[in-house]
file coords.pdb (PDB, C-alpha atoms)
ATOM      1  CA  MET A   4     173.596 118.238 132.921
ATOM      2  CA  THR A   5     174.086 115.528 135.528
ATOM      3  CA  GLU A   6     177.102 113.242 135.379
ATOM      4  CA  THR A   7     175.441 110.355 137.209
ATOM      5  CA  SER A   8     173.354 107.623 135.682
ATOM      6  CA  PRO A   9     169.556 107.788 135.724
ATOM      7  CA  GLN A  10     167.882 105.366 138.132
ATOM      8  CA  ALA A  11     171.223 104.478 139.691
ATOM      9  CA  ASP A  12     169.500 102.801 142.648
ATOM     10  CA  ALA A  13     166.823 101.012 140.610
ATOM     11  CA  THR A  14     166.454  97.262 140.337
ATOM     12  CA  PRO A  15     169.235  95.412 138.489
ATOM     13  CA  ASP A  16     169.143  95.543 134.710
ATOM     14  CA  PRO A  17     167.810  92.384 133.058
ATOM     15  CA  PRO A  18     170.424  90.185 131.389
ATOM     16  CA  HIS A  19     171.074  90.637 127.700
ATOM     17  CA  PRO A  20     170.307  87.713 125.365
ATOM     18  CA  TYR A  21     172.772  84.925 124.726
ATOM     19  CA  THR A  22     175.304  85.267 121.898
ATOM     20  CA  PRO A  23     175.236  82.920 118.884
ATOM     21  CA  ALA A  24     178.220  81.092 120.400
ATOM     22  CA  ALA A  25     176.189  80.546 123.575
ATOM     23  CA  LEU A  26     173.270  79.168 121.565
ATOM     24  CA  ALA A  27     175.624  76.807 119.741
ATOM     25  CA  ARG A  28     177.083  75.637 123.067
ATOM     26  CA  LEU A  29     173.572  75.127 124.418
ATOM     27  CA  MET A  30     172.732  72.935 121.433
ATOM     28  CA  LEU A  31     175.883  70.908 122.106
ATOM     29  CA  SER A  32     175.027  70.563 125.796
ATOM     30  CA  GLU A  33     171.584  69.257 124.859
ATOM     31  CA  ALA A  34     173.145  66.753 122.471
ATOM     32  CA  HIS A  35     175.527  65.504 125.165
ATOM     33  CA  ARG A  36     172.587  65.109 127.547
ATOM     34  CA  ASP A  37     170.694  63.050 124.966
ATOM     35  CA  VAL A  38     173.701  60.757 124.488
ATOM     36  CA  ALA A  39     174.171  60.387 128.247
ATOM     37  CA  GLU A  40     170.511  59.549 128.870
ATOM     38  CA  ALA A  41     170.480  56.957 126.089
ATOM     39  CA  ALA A  42     173.627  55.331 127.469
ATOM     40  CA  LEU A  43     172.462  55.420 131.103
ATOM     41  CA  ASN A  44     169.192  53.699 130.227
ATOM     42  CA  ARG A  45     171.026  50.550 129.045
ATOM     43  CA  ILE A  46     173.678  50.212 131.763
ATOM     44  CA  GLY A  47     171.416  48.130 134.020
ATOM     45  CA  THR A  48     170.940  44.396 133.332
ATOM     46  CA  GLU A  49     167.852  43.635 135.368
ATOM     47  CA  GLY A  50     165.573  43.603 132.328
ATOM     48  CA  ASP A  51     167.723  41.482 130.041
ATOM     49  CA  SER A  52     165.662  38.317 130.565
ATOM     50  CA  SER A  53     162.335  40.022 130.057
ATOM     51  CA  ASP A  54     159.985  38.685 127.385
ATOM     52  CA  THR A  55     159.678  42.260 126.089
ATOM     53  CA  ILE A  56     163.294  42.177 124.832
ATOM     54  CA  ALA A  57     163.278  41.168 121.164
ATOM     55  CA  PRO A  58     166.257  39.799 119.249
ATOM     56  CA  GLY A  59     168.359  42.693 117.984
ATOM     57  CA  ASP A  60     167.104  45.254 120.524
ATOM     58  CA  PHE A  61     170.545  45.801 122.022
ATOM     59  CA  VAL A  62     172.053  46.355 118.581
ATOM     60  CA  ARG A  63     169.291  48.793 117.683
ATOM     61  CA  GLU A  64     169.861  50.703 120.906
ATOM     62  CA  ALA A  65     173.600  50.871 120.229
ATOM     63  CA  ALA A  66     172.863  52.124 116.719
ATOM     64  CA  GLU A  67     170.634  54.838 118.204
ATOM     65  CA  LEU A  68     173.465  55.806 120.533
ATOM     66  CA  ILE A  69     175.767  56.192 117.521
ATOM     67  CA  ARG A  70     173.166  58.353 115.758
ATOM     68  CA  LEU A  71     172.914  60.617 118.784
ATOM     69  CA  ALA A  72     176.708  60.805 119.051
ATOM     70  CA  GLU A  73     176.964  61.809 115.389
ATOM     71  CA  ALA A  74     174.405  64.576 116.001
ATOM     72  CA  ALA A  75     176.533  65.741 118.937
ATOM     73  CA  GLN A  76     179.588  65.758 116.684
ATOM     74  CA  ARG A  77     177.833  67.995 114.141
ATOM     75  CA  ARG A  78     176.865  70.416 116.888
ATOM     76  CA  ALA A  79     180.414  70.321 118.223
ATOM     77  CA  VAL A  80     181.696  71.420 114.809
ATOM     78  CA  ILE A  81     179.159  74.278 114.723
ATOM     79  CA  TYR A  82     180.301  75.404 118.150
ATOM     80  CA  GLU A  83     183.962  75.165 117.185
ATOM     81  CA  ARG A  84     183.306  77.376 114.174
ATOM     82  CA  GLU A  85     181.530  79.910 116.413
ATOM     83  CA  ARG A  86     184.658  79.894 118.581
ATOM     84  CA  GLY A  87     186.811  80.698 115.551
ATOM     85  CA  THR A  88     188.305  77.232 115.054
ATOM     86  CA  SER A  89     189.586  76.759 111.511
ATOM     87  CA  TRP A  90     188.572  73.897 109.231
ATOM     88  CA  GLU A  91     192.173  72.737 109.297
ATOM     89  CA  GLU A  92     192.083  72.485 113.102
ATOM     90  CA  ILE A  93     188.750  70.663 112.987
ATOM     91  CA  GLY A  94     190.110  68.211 110.413
ATOM     92  CA  GLU A  95     193.160  67.574 112.577
ATOM     93  CA  ALA A  96     190.943  66.877 115.618
ATOM     94  CA  LEU A  97     188.983  64.349 113.555
ATOM     95  CA  GLY A  98     192.106  62.725 112.130
ATOM     96  CA  THR A  99     191.271  63.834 108.617
ATOM     97  CA  THR A 100     192.023  66.685 106.210
ATOM     98  CA  ARG A 101     190.682  70.230 106.142
ATOM     99  CA  GLN A 102     188.844  69.499 102.885
ATOM    100  CA  SER A 103     187.224  66.322 104.226
ATOM    101  CA  ALA A 104     186.022  68.101 107.354
ATOM    102  CA  HIS A 105     184.643  70.984 105.295
ATOM    103  CA  THR A 106     182.880  68.637 102.872
ATOM    104  CA  LYS A 107     181.239  66.711 105.711
ATOM    105  CA  PHE A 108     180.123  69.564 107.946
ATOM    106  CA  ALA A 109     180.017  72.850 105.994
ATOM    107  CA  GLU A 110     176.344  72.509 105.061
ATOM    108  CA  TYR A 111     175.383  72.188 108.747
ATOM    109  CA  VAL A 112     177.405  75.256 109.670
ATOM    110  CA  LYS A 113     175.833  77.216 106.813
ATOM    111  CA  ALA A 114     172.305  76.192 107.848
ATOM    112  CA  TRP A 115     173.110  77.308 111.396
ATOM    113  CA  ARG A 116     174.497  80.724 110.434
ATOM    114  CA  GLU A 117     171.984  81.706 107.749
ATOM    115  CA  PRO A 118     169.058  82.713 110.003
ATOM    116  CA  LEU A 119     171.456  84.565 112.313
ATOM    117  CA  ASP A 120     173.116  86.502 109.482
ATOM    118  CA  LYS A 121     170.003  86.982 107.321
ATOM    119  CA  PRO A 122     166.981  86.664 109.633
ATOM    120  CA  GLU A 123     163.405  86.836 108.420
ATOM    121  CA  ARG A 124     162.908  89.862 110.661
ATOM    122  CA  LEU A 125     164.387  91.623 113.661
ATOM    123  CA  HIS A 126     163.141  92.070 117.190
ATOM    124  CA  PRO A 127     162.554  95.703 118.231
ATOM    125  CA  ASP A 128     166.043  95.747 119.761
ATOM    126  CA  GLY A 129     167.696  94.596 116.531
ATOM    127  CA  THR A 130     168.439  90.990 117.509
ATOM    128  CA  PRO A 131     167.519  88.345 114.904
ATOM    129  CA  ASP A 132     164.048  86.836 114.906
ATOM    130  CA  ASP A 133     163.730  83.731 112.755
ATOM    131  CA  ARG A 134     161.870  80.450 113.251
ATOM    132  CA  ARG A 135     164.964  78.535 112.101
ATOM    133  CA  ILE A 136     166.993  79.774 115.083
ATOM    134  CA  PRO A 137     166.992  77.156 117.875
ATOM    135  CA  TYR A 138     164.839  77.890 120.922
ATOM    136  CA  GLY A 139     163.517  80.962 119.139
ATOM    137  CA  ALA A 140     166.904  82.467 120.089
ATOM    138  CA  ARG A 141     165.136  84.878 122.409
ATOM    139  CA  TYR A 142     161.925  86.774 122.619
ATOM    140  CA  ALA A 143     161.607  90.506 123.037
ATOM    141  CA  PRO A 144     160.086  91.950 126.238
ATOM    142  CA  GLY A 145     156.316  91.740 125.991
ATOM    143  CA  SER A 146     156.345  89.078 123.267
ATOM    144  CA  ALA A 147     155.025  85.564 123.730
ATOM    145  CA  GLU A 148     157.595  82.886 124.516
ATOM    146  CA  PRO A 149     158.243  80.610 121.503
ATOM    147  CA  ALA A 150     156.200  77.401 121.492
ATOM    148  CA  ASN A 151     159.391  75.311 121.470
ATOM    149  CA  GLY A 152     160.744  77.048 124.552
ATOM    150  CA  SER A 153     163.534  79.536 124.892
ATOM    151  CA  ALA A 154     167.280  79.471 125.333
ATOM    152  CA  GLU A 155     166.842  80.718 128.898
ATOM    153  CA  LYS A 156     164.501  77.851 129.795
ATOM    154  CA  THR A 157     166.682  75.269 128.065
ATOM    155  CA  ALA A 158     169.742  76.430 130.007
ATOM    156  CA  ARG A 159     167.822  76.237 133.296
ATOM    157  CA  ASP A 160     166.549  72.751 132.456
ATOM    158  CA  LEU A 161     170.087  71.574 131.711
ATOM    159  CA  ASP A 162     171.283  73.106 134.991
ATOM    160  CA  HIS A 163     168.669  71.089 136.879
ATOM    161  CA  TRP A 164     169.347  67.900 134.913
ATOM    162  CA  LEU A 165     173.068  68.027 135.607
ATOM    163  CA  CYS A 166     172.606  68.864 139.281
ATOM    164  CA  ARG A 167     170.309  65.860 139.753
ATOM    165  CA  HIS A 168     173.229  63.529 139.041
ATOM    166  CA  ASP A 169     175.422  63.347 142.138
ATOM    167  CA  GLY A 170     179.032  64.229 141.479
ATOM    168  CA  TRP A 171     178.435  65.581 137.968
ATOM    169  CA  ALA A 172     178.331  69.252 138.942
ATOM    170  CA  ASP A 173     179.731  71.212 141.874
ATOM    171  CA  GLN A 174     177.943  74.516 141.227
ATOM    172  CA  GLU A 175     174.339  75.672 141.192
ATOM    173  CA  HIS A 176     174.201  76.653 137.511
ATOM    174  CA  PRO A 177     176.773  74.442 135.764
ATOM    175  CA  VAL A 178     175.442  75.182 132.272
ATOM    176  CA  SER A 179     173.954  78.682 132.255
ATOM    177  CA  ASP A 180     176.791  80.313 134.219
ATOM    178  CA  GLY A 181     179.266  79.677 131.410
ATOM    179  CA  LEU A 182     177.125  80.888 128.499
ATOM    180  CA  PRO A 183     178.227  84.307 127.181
ATOM    181  CA  ARG A 184     175.711  87.103 126.686
ATOM    182  CA  HIS A 185     175.757  90.123 124.427
ATOM    183  CA  SER A 186     177.309  93.214 125.958
ATOM    184  CA  THR A 187     175.440  96.499 126.218
ATOM    185  CA  ILE A 188     177.676  97.932 123.500
ATOM    186  CA  GLN A 189     176.780  95.045 121.205
ATOM    187  CA  MET A 190     173.088  95.606 121.884
ATOM    188  CA  ALA A 191     173.511  99.272 120.926
ATOM    189  CA  LEU A 192     175.046  98.145 117.632
ATOM    190  CA  PHE A 193     172.024  95.922 117.030
ATOM    191  CA  VAL A 194     169.803  98.983 117.353
ATOM    192  CA  GLY A 195     171.759 100.566 114.516
ATOM    193  CA  ARG A 196     171.196  97.463 112.431
ATOM    194  CA  ALA A 197     167.479  97.656 113.173
ATOM    195  CA  ALA A 198     167.445 101.274 111.970
ATOM    196  CA  ASP A 199     169.146 100.279 108.707
ATOM    197  CA  ARG A 200     166.656  97.452 108.226
ATOM    198  CA  MET A 201     163.759  99.815 108.883
ATOM    199  CA  ARG A 202     164.968 102.242 106.230
ATOM    200  CA  ARG A 203     165.229  99.416 103.700
ATOM    201  CA  ASP A 204     161.847  97.883 104.510
ATOM    202  CA  HIS A 205     159.730 101.057 104.669
ATOM    203  CA  LEU A 206     159.137 103.188 101.596
ATOM    204  CA  VAL A 207     157.808 105.959 103.851
ATOM    205  CA  PRO A 208     159.777 106.500 107.087
ATOM    206  CA  ASP A 209     157.952 105.622 110.306
ATOM    207  CA  LEU A 210     158.704 108.466 112.693
ATOM    208  CA  ARG A 211     157.243 106.685 115.707
ATOM    209  CA  ALA A 212     159.310 103.572 115.105
ATOM    210  CA  GLU A 213     162.403 105.714 114.582
ATOM    211  CA  ALA A 214     161.716 107.493 117.862
ATOM    212  CA  ASP A 215     161.454 104.129 119.615
ATOM    213  CA  LEU A 216     164.887 103.162 118.290
ATOM    214  CA  TRP A 217     166.499 106.414 119.428
ATOM    215  CA  ASP A 218     164.920 105.992 122.869
ATOM    216  CA  LEU A 219     166.122 102.403 123.009
ATOM    217  CA  ARG A 220     169.648 103.472 122.132
ATOM    218  CA  ALA A 221     169.475 106.106 124.871
ATOM    219  CA  ASP A 222     168.270 103.427 127.314
ATOM    220  CA  LEU A 223     171.291 101.312 126.428
ATOM    221  CA  GLN A 224     173.601 104.301 126.845
ATOM    222  CA  GLU A 225     172.151 104.894 130.313
ATOM    223  CA  ARG A 226     172.861 101.256 131.103
ATOM    224  CA  MET A 227     176.434 101.655 129.870
ATOM    225  CA  LEU A 228     176.752 104.612 132.228
ATOM    226  CA  ARG A 229     175.532 102.537 135.175
ATOM    227  CA  GLU A 230     177.894  99.717 134.263
ATOM    228  CA  SER A 231     180.813 102.129 134.023
ATOM    229  CA  GLU A 232     180.046 103.510 137.481
ATOM    230  CA  HIS A 233     180.209  99.970 138.874
ATOM    231  CA  GLY A 234     183.579  98.970 137.463
ATOM    232  CA  GLY A 235     182.756  98.641 133.775
ATOM    233  CA  ASP A 236     184.687 100.052 130.838
ATOM    234  CA  PRO A 237     185.356 103.821 130.833
ATOM    235  CA  LEU A 238     183.109 105.902 128.615
ATOM    236  CA  PRO A 239     184.364 107.925 125.634
ATOM    237  CA  ASN A 240     184.456 111.701 125.556
ATOM    238  CA  GLY A 241     181.126 113.251 124.624
ATOM    239  CA  PHE A 242     179.146 110.278 125.905
ATOM    240  CA  HIS A 243     176.692 112.360 127.956
ATOM    241  CA  GLN A 244     176.089 114.722 125.031
ATOM    242  CA  SER A 245     175.333 111.763 122.779
ATOM    243  CA  LEU A 246     172.855 110.386 125.308
ATOM    244  CA  ALA A 247     171.064 113.725 125.604
ATOM    245  CA  SER A 248     171.023 114.091 121.814
ATOM    246  CA  ASP A 249     169.378 110.714 121.317
ATOM    247  CA  ARG A 250     166.661 111.598 123.825
ATOM    248  CA  ALA A 251     166.117 114.965 122.143
ATOM    249  CA  ARG A 252     165.891 113.368 118.729
ATOM    250  CA  ALA A 253     163.319 110.822 119.908
ATOM    251  CA  LYS A 254     161.257 113.623 121.485
ATOM    252  CA  ALA A 255     161.280 115.667 118.291
ATOM    253  CA  LEU A 256     160.223 112.687 116.180
ATOM    254  CA  ARG A 257     157.350 111.905 118.529
ATOM    255  CA  ALA A 258     156.152 115.502 118.279
ATOM    256  CA  ALA A 259     155.616 115.134 114.521
ATOM    257  CA  PRO A 260     152.102 114.478 113.088
ATOM    258  CA  ASP A 261     151.009 110.889 112.519
ATOM    259  CA  TYR A 262     151.574 109.422 109.082
ATOM    260  CA  GLY A 263     148.588 109.005 106.812
ATOM    261  CA  SER A 264     147.568 112.651 106.935
ATOM    262  CA  VAL A 265     151.000 114.198 106.769
ATOM    263  CA  ALA A 266     152.693 115.590 103.681
ATOM    264  CA  TRP A 267     156.266 114.832 102.692
ATOM    265  CA  ASP A 268     157.452 118.327 103.595
ATOM    266  CA  GLU A 269     156.151 117.777 107.133
ATOM    267  CA  VAL A 270     158.051 114.495 107.296
ATOM    268  CA  LEU A 271     161.235 116.293 106.310
ATOM    269  CA  ASN A 272     160.476 119.046 108.804
ATOM    270  CA  ALA A 273     160.258 116.457 111.574
ATOM    271  CA  HIS A 274     163.701 115.138 110.696
ATOM    272  CA  ASP A 275     165.038 118.705 110.545
ATOM    273  CA  ALA A 276     163.572 119.382 113.990
ATOM    274  CA  ALA A 277     165.237 116.261 115.339
ATOM    275  CA  ARG A 278     168.616 117.325 113.954
ATOM    276  CA  THR A 279     168.151 120.841 115.378
ATOM    277  CA  ALA A 280     167.311 119.426 118.798
ATOM    278  CA  THR A 281     170.399 117.268 118.672
ATOM    279  CA  GLN A 282     172.649 120.205 117.741
ATOM    280  CA  THR A 283     171.108 122.348 120.484
ATOM    281  CA  GLU A 284     171.742 119.711 123.153
ATOM    282  CA  ARG A 285     175.346 119.318 122.045
ATOM    283  CA  ALA A 286     175.903 123.071 122.088
ATOM    284  CA  GLU A 287     174.703 123.200 125.684
TER     285      GLU A 287
END
call {"tool": "encode", "arguments": {"input": "coords.pdb", "output": "structure tokens"}}
result
Amino acid sequence: MTETSPQADATPDPPHPYTPAALARLMLSEAHRDVAEAALNRIGTEGDSSDTIAPGDFVREAAELIRLAEAAQRRAVIYERERGTSWEEIGEALGTTRQSAHTKFAEYVKAWREPLDKPERLHPDGTPDDRRIPYGARYAPGSAEPANGSAEKTARDLDHWLCRHDGWADQEHPVSDGLPRHSTIQMALFVGRAADRMRRDHLVPDLRAEADLWDLRADLQERMLRESEHGGDPLPNGFHQSLASDRARAKALRAAPDYGSVAWDEVLNAHDAARTATQTERAE
């Protein structure tokens, strides 16, 4: 069995999706941009004498600026909570008590976390898929991009917006470069969550879908191997055996008959064959 990673000289692996903390920071960056644009639009005075300016327009515009700033503050609290900031620390930053801060903002934090913790469904890789998640959170390879855009596109747009303002950014990607992404290990854990969800949602096991998950986990293990070879974290003992076992299990599941014309004993036999293949690979 080889000790080097498959496709070691292949093209670079695609980036993993952004973490929930990154999505929260992206929302905050968007809110700050909205405040900045609203403020910049009223700095100039050349239109003050125009007949199109009605009495009260400047007050209304200032009120809109306050509304946008309050929206930014709510998103800042969500991001602070994603960073692990306590309600006591948030209250102190606002010059109020822990209880007052919690009363004012807890419902927004709860609405933010709910689709991430209890999504309507999962993508094939186990990441949450829910229309309530901003930017669609992400979209799985091969799926259509959400109609409201994606986190990747939003980050790029904010990069370009910030770079257009001279002196506001001294790097090419001032927003996207600082947004954390899931690690390969975390993505492997998501696959396990997807498997648990599949077992809950399907009365009859779907061998093909199970095989896809085992293959996906093996793909992620191969990526971990490549990352380790290029300065990443060291791999645990038995890693290569686990990788081979996952591939063997997926192969055995795919060799089983299709559902619909298969009896329960054949389903169980397929799982037994997968376990036997796994044990054989480990013994070798």
call {"tool": "closest_residue", "arguments": {"input": "coords.pdb", "among": "A:Leu29, A:Leu216, A:Leu223, A:Leu182", "to": "Lys254 in chain A", "atoms": "only C-alpha atoms"}}
result
A:Leu216
call {"tool": "residues_around", "arguments": {"input": "coords.pdb", "residues": "range 103-114 of chain A", "least_positions_apart": "3", "cutoff": "12 Å", "atoms": "all atoms listed in the file", "output": "ChimeraX atom specification"}}
result
/A:27,73-74,76-85,89-100,117-122,135-137
call {"tool": "closest_residue", "arguments": {"input": "coords.pdb", "among": "A:Asn240, A:Ser179, A:Thr130, A:Gln189", "to": "Leu161 in chain A", "atoms": "only C-alpha atoms"}}
result
A:Ser179
call {"tool": "resolve_selection", "arguments": {"input": "coords.pdb", "expression": "the PyMOL selection byres ((chain A and resi 30-39) around 12)", "output": "ChimeraX atom specification"}}
result
/A:23-29,40-46,64-83,115,136-138,140,153-154,157-165,168,171,177-179,181-182
call {"tool": "residues_around", "arguments": {"input": "coords.pdb", "residues": "Pro127 in chain A", "least_positions_apart": "6", "cutoff": "9 Å", "atoms": "all atoms listed in the file", "output": "list in words"}}
result
Ala143, Val194, Ala197, Asp215, Leu216 and Leu219 of chain A
call {"tool": "residues_around", "arguments": {"input": "coords.pdb", "residues": "Gly195 in chain A", "least_positions_apart": "2", "cutoff": "12 Å", "atoms": "only C-alpha atoms", "output": "NGL selection string"}}
result
:A and (125 or 127-130 or 188-193 or 197-202 or 213 or 216-217 or 219-221 or 223)
call {"tool": "atom_distance", "arguments": {"input": "coords.pdb", "atom1": "CA of Lys156 in chain A", "atom2": "CA of His176 in chain A"}}
result
12.5 Å
call {"tool": "atom_distance", "arguments": {"input": "coords.pdb", "atom1": "CA of Asp16 in chain A", "atom2": "CA of Leu246 in chain A"}}
result
18.0 Å
call {"tool": "atom_distance", "arguments": {"input": "coords.pdb", "atom1": "CA of Pro15 in chain A", "atom2": "CA of Gln224 in chain A"}}
result
15.3 Å
call {"tool": "build_atoms", "arguments": {"input": "coords.pdb", "residues": "range 229-252 of chain A", "atoms": "N, CA, C and O atoms", "output": "PDB file, in the coordinates of the input"}}
result
ATOM      1  N   ARG A 229     175.629 103.231 133.885  1.00  0.00           N
ATOM      2  CA  ARG A 229     175.532 102.537 135.175  1.00  0.00           C
ATOM      3  C   ARG A 229     176.626 101.477 135.304  1.00  0.00           C
ATOM      4  O   ARG A 229     177.230 101.315 136.374  1.00  0.00           O
ATOM      5  N   GLU A 230     176.859 100.751 134.228  1.00  0.00           N
ATOM      6  CA  GLU A 230     177.894  99.717 134.263  1.00  0.00           C
ATOM      7  C   GLU A 230     179.273 100.326 134.471  1.00  0.00           C
ATOM      8  O   GLU A 230     180.101  99.771 135.211  1.00  0.00           O
ATOM      9  N   SER A 231     179.525 101.465 133.857  1.00  0.00           N
ATOM     10  CA  SER A 231     180.813 102.129 134.023  1.00  0.00           C
ATOM     11  C   SER A 231     181.020 102.572 135.460  1.00  0.00           C
ATOM     12  O   SER A 231     182.127 102.485 136.003  1.00  0.00           O
ATOM     13  N   GLU A 232     179.956 103.058 136.097  1.00  0.00           N
ATOM     14  CA  GLU A 232     180.046 103.510 137.481  1.00  0.00           C
ATOM     15  C   GLU A 232     180.288 102.367 138.461  1.00  0.00           C
ATOM     16  O   GLU A 232     180.702 102.576 139.588  1.00  0.00           O
ATOM     17  N   HIS A 233     180.028 101.132 138.004  1.00  0.00           N
ATOM     18  CA  HIS A 233     180.209  99.970 138.874  1.00  0.00           C
ATOM     19  C   HIS A 233     181.349  99.084 138.376  1.00  0.00           C
ATOM     20  O   HIS A 233     181.290  97.855 138.481  1.00  0.00           O
ATOM     21  N   GLY A 234     182.387  99.707 137.846  1.00  0.00           N
ATOM     22  CA  GLY A 234     183.579  98.970 137.463  1.00  0.00           C
ATOM     23  C   GLY A 234     183.658  98.556 136.013  1.00  0.00           C
ATOM     24  O   GLY A 234     184.584  97.818 135.637  1.00  0.00           O
ATOM     25  N   GLY A 235     182.718  98.991 135.189  1.00  0.00           N
ATOM     26  CA  GLY A 235     182.756  98.641 133.775  1.00  0.00           C
ATOM     27  C   GLY A 235     183.762  99.473 133.005  1.00  0.00           C
ATOM     28  O   GLY A 235     184.549 100.234 133.576  1.00  0.00           O
ATOM     29  N   ASP A 236     183.745  99.328 131.688  1.00  0.00           N
ATOM     30  CA  ASP A 236     184.687 100.052 130.838  1.00  0.00           C
ATOM     31  C   ASP A 236     184.449 101.562 130.931  1.00  0.00           C
ATOM     32  O   ASP A 236     183.304 102.016 131.073  1.00  0.00           O
ATOM     33  N   PRO A 237     185.521 102.364 130.831  1.00  0.00           N
ATOM     34  CA  PRO A 237     185.356 103.821 130.833  1.00  0.00           C
ATOM     35  C   PRO A 237     184.611 104.281 129.590  1.00  0.00           C
ATOM     36  O   PRO A 237     184.679 103.644 128.534  1.00  0.00           O
ATOM     37  N   LEU A 238     183.915 105.386 129.716  1.00  0.00           N
ATOM     38  CA  LEU A 238     183.109 105.902 128.615  1.00  0.00           C
ATOM     39  C   LEU A 238     183.905 106.901 127.787  1.00  0.00           C
ATOM     40  O   LEU A 238     184.759 107.624 128.306  1.00  0.00           O
ATOM     41  N   PRO A 239     183.626 106.990 126.492  1.00  0.00           N
ATOM     42  CA  PRO A 239     184.364 107.925 125.634  1.00  0.00           C
ATOM     43  C   PRO A 239     183.960 109.369 125.896  1.00  0.00           C
ATOM     44  O   PRO A 239     182.905 109.646 126.490  1.00  0.00           O
ATOM     45  N   ASN A 240     184.792 110.286 125.449  1.00  0.00           N
ATOM     46  CA  ASN A 240     184.456 111.701 125.556  1.00  0.00           C
ATOM     47  C   ASN A 240     183.189 112.003 124.759  1.00  0.00           C
ATOM     48  O   ASN A 240     182.970 111.456 123.684  1.00  0.00           O
ATOM     49  N   GLY A 241     182.360 112.876 125.300  1.00  0.00           N
ATOM     50  CA  GLY A 241     181.126 113.251 124.624  1.00  0.00           C
ATOM     51  C   GLY A 241     179.985 112.277 124.827  1.00  0.00           C
ATOM     52  O   GLY A 241     178.929 112.415 124.192  1.00  0.00           O
ATOM     53  N   PHE A 242     180.178 111.308 125.708  1.00  0.00           N
ATOM     54  CA  PHE A 242     179.146 110.278 125.905  1.00  0.00           C
ATOM     55  C   PHE A 242     177.838 110.895 126.392  1.00  0.00           C
ATOM     56  O   PHE A 242     176.758 110.576 125.890  1.00  0.00           O
ATOM     57  N   HIS A 243     177.902 111.774 127.395  1.00  0.00           N
ATOM     58  CA  HIS A 243     176.692 112.360 127.956  1.00  0.00           C
ATOM     59  C   HIS A 243     175.962 113.222 126.924  1.00  0.00           C
ATOM     60  O   HIS A 243     174.726 113.247 126.889  1.00  0.00           O
ATOM     61  N   GLN A 244     176.721 113.923 126.077  1.00  0.00           N
ATOM     62  CA  GLN A 244     176.089 114.722 125.031  1.00  0.00           C
ATOM     63  C   GLN A 244     175.358 113.823 124.030  1.00  0.00           C
ATOM     64  O   GLN A 244     174.261 114.143 123.559  1.00  0.00           O
ATOM     65  N   SER A 245     175.964 112.696 123.707  1.00  0.00           N
ATOM     66  CA  SER A 245     175.333 111.763 122.779  1.00  0.00           C
ATOM     67  C   SER A 245     174.041 111.207 123.356  1.00  0.00           C
ATOM     68  O   SER A 245     173.030 111.090 122.654  1.00  0.00           O
ATOM     69  N   LEU A 246     174.058 110.885 124.640  1.00  0.00           N
ATOM     70  CA  LEU A 246     172.855 110.386 125.308  1.00  0.00           C
ATOM     71  C   LEU A 246     171.746 111.429 125.266  1.00  0.00           C
ATOM     72  O   LEU A 246     170.595 111.127 124.912  1.00  0.00           O
ATOM     73  N   ALA A 247     172.073 112.661 125.621  1.00  0.00           N
ATOM     74  CA  ALA A 247     171.064 113.725 125.604  1.00  0.00           C
ATOM     75  C   ALA A 247     170.546 113.973 124.193  1.00  0.00           C
ATOM     76  O   ALA A 247     169.352 114.239 123.987  1.00  0.00           O
ATOM     77  N   SER A 248     171.425 113.868 123.203  1.00  0.00           N
ATOM     78  CA  SER A 248     171.023 114.091 121.814  1.00  0.00           C
ATOM     79  C   SER A 248     170.044 113.030 121.343  1.00  0.00           C
ATOM     80  O   SER A 248     169.070 113.329 120.638  1.00  0.00           O
ATOM     81  N   ASP A 249     170.284 111.784 121.722  1.00  0.00           N
ATOM     82  CA  ASP A 249     169.378 110.714 121.317  1.00  0.00           C
ATOM     83  C   ASP A 249     167.995 110.925 121.930  1.00  0.00           C
ATOM     84  O   ASP A 249     166.971 110.730 121.265  1.00  0.00           O
ATOM     85  N   ARG A 250     167.950 111.321 123.194  1.00  0.00           N
ATOM     86  CA  ARG A 250     166.661 111.598 123.825  1.00  0.00           C
ATOM     87  C   ARG A 250     165.950 112.756 123.127  1.00  0.00           C
ATOM     88  O   ARG A 250     164.733 112.721 122.879  1.00  0.00           O
ATOM     89  N   ALA A 251     166.710 113.799 122.798  1.00  0.00           N
ATOM     90  CA  ALA A 251     166.117 114.965 122.143  1.00  0.00           C
ATOM     91  C   ALA A 251     165.588 114.599 120.757  1.00  0.00           C
ATOM     92  O   ALA A 251     164.518 115.057 120.347  1.00  0.00           O
ATOM     93  N   ARG A 252     166.323 113.771 120.064  1.00  0.00           N
ATOM     94  CA  ARG A 252     165.891 113.368 118.729  1.00  0.00           C
ATOM     95  C   ARG A 252     164.602 112.555 118.807  1.00  0.00           C
ATOM     96  O   ARG A 252     163.670 112.759 118.017  1.00  0.00           O
TER      97      ARG A 252
END
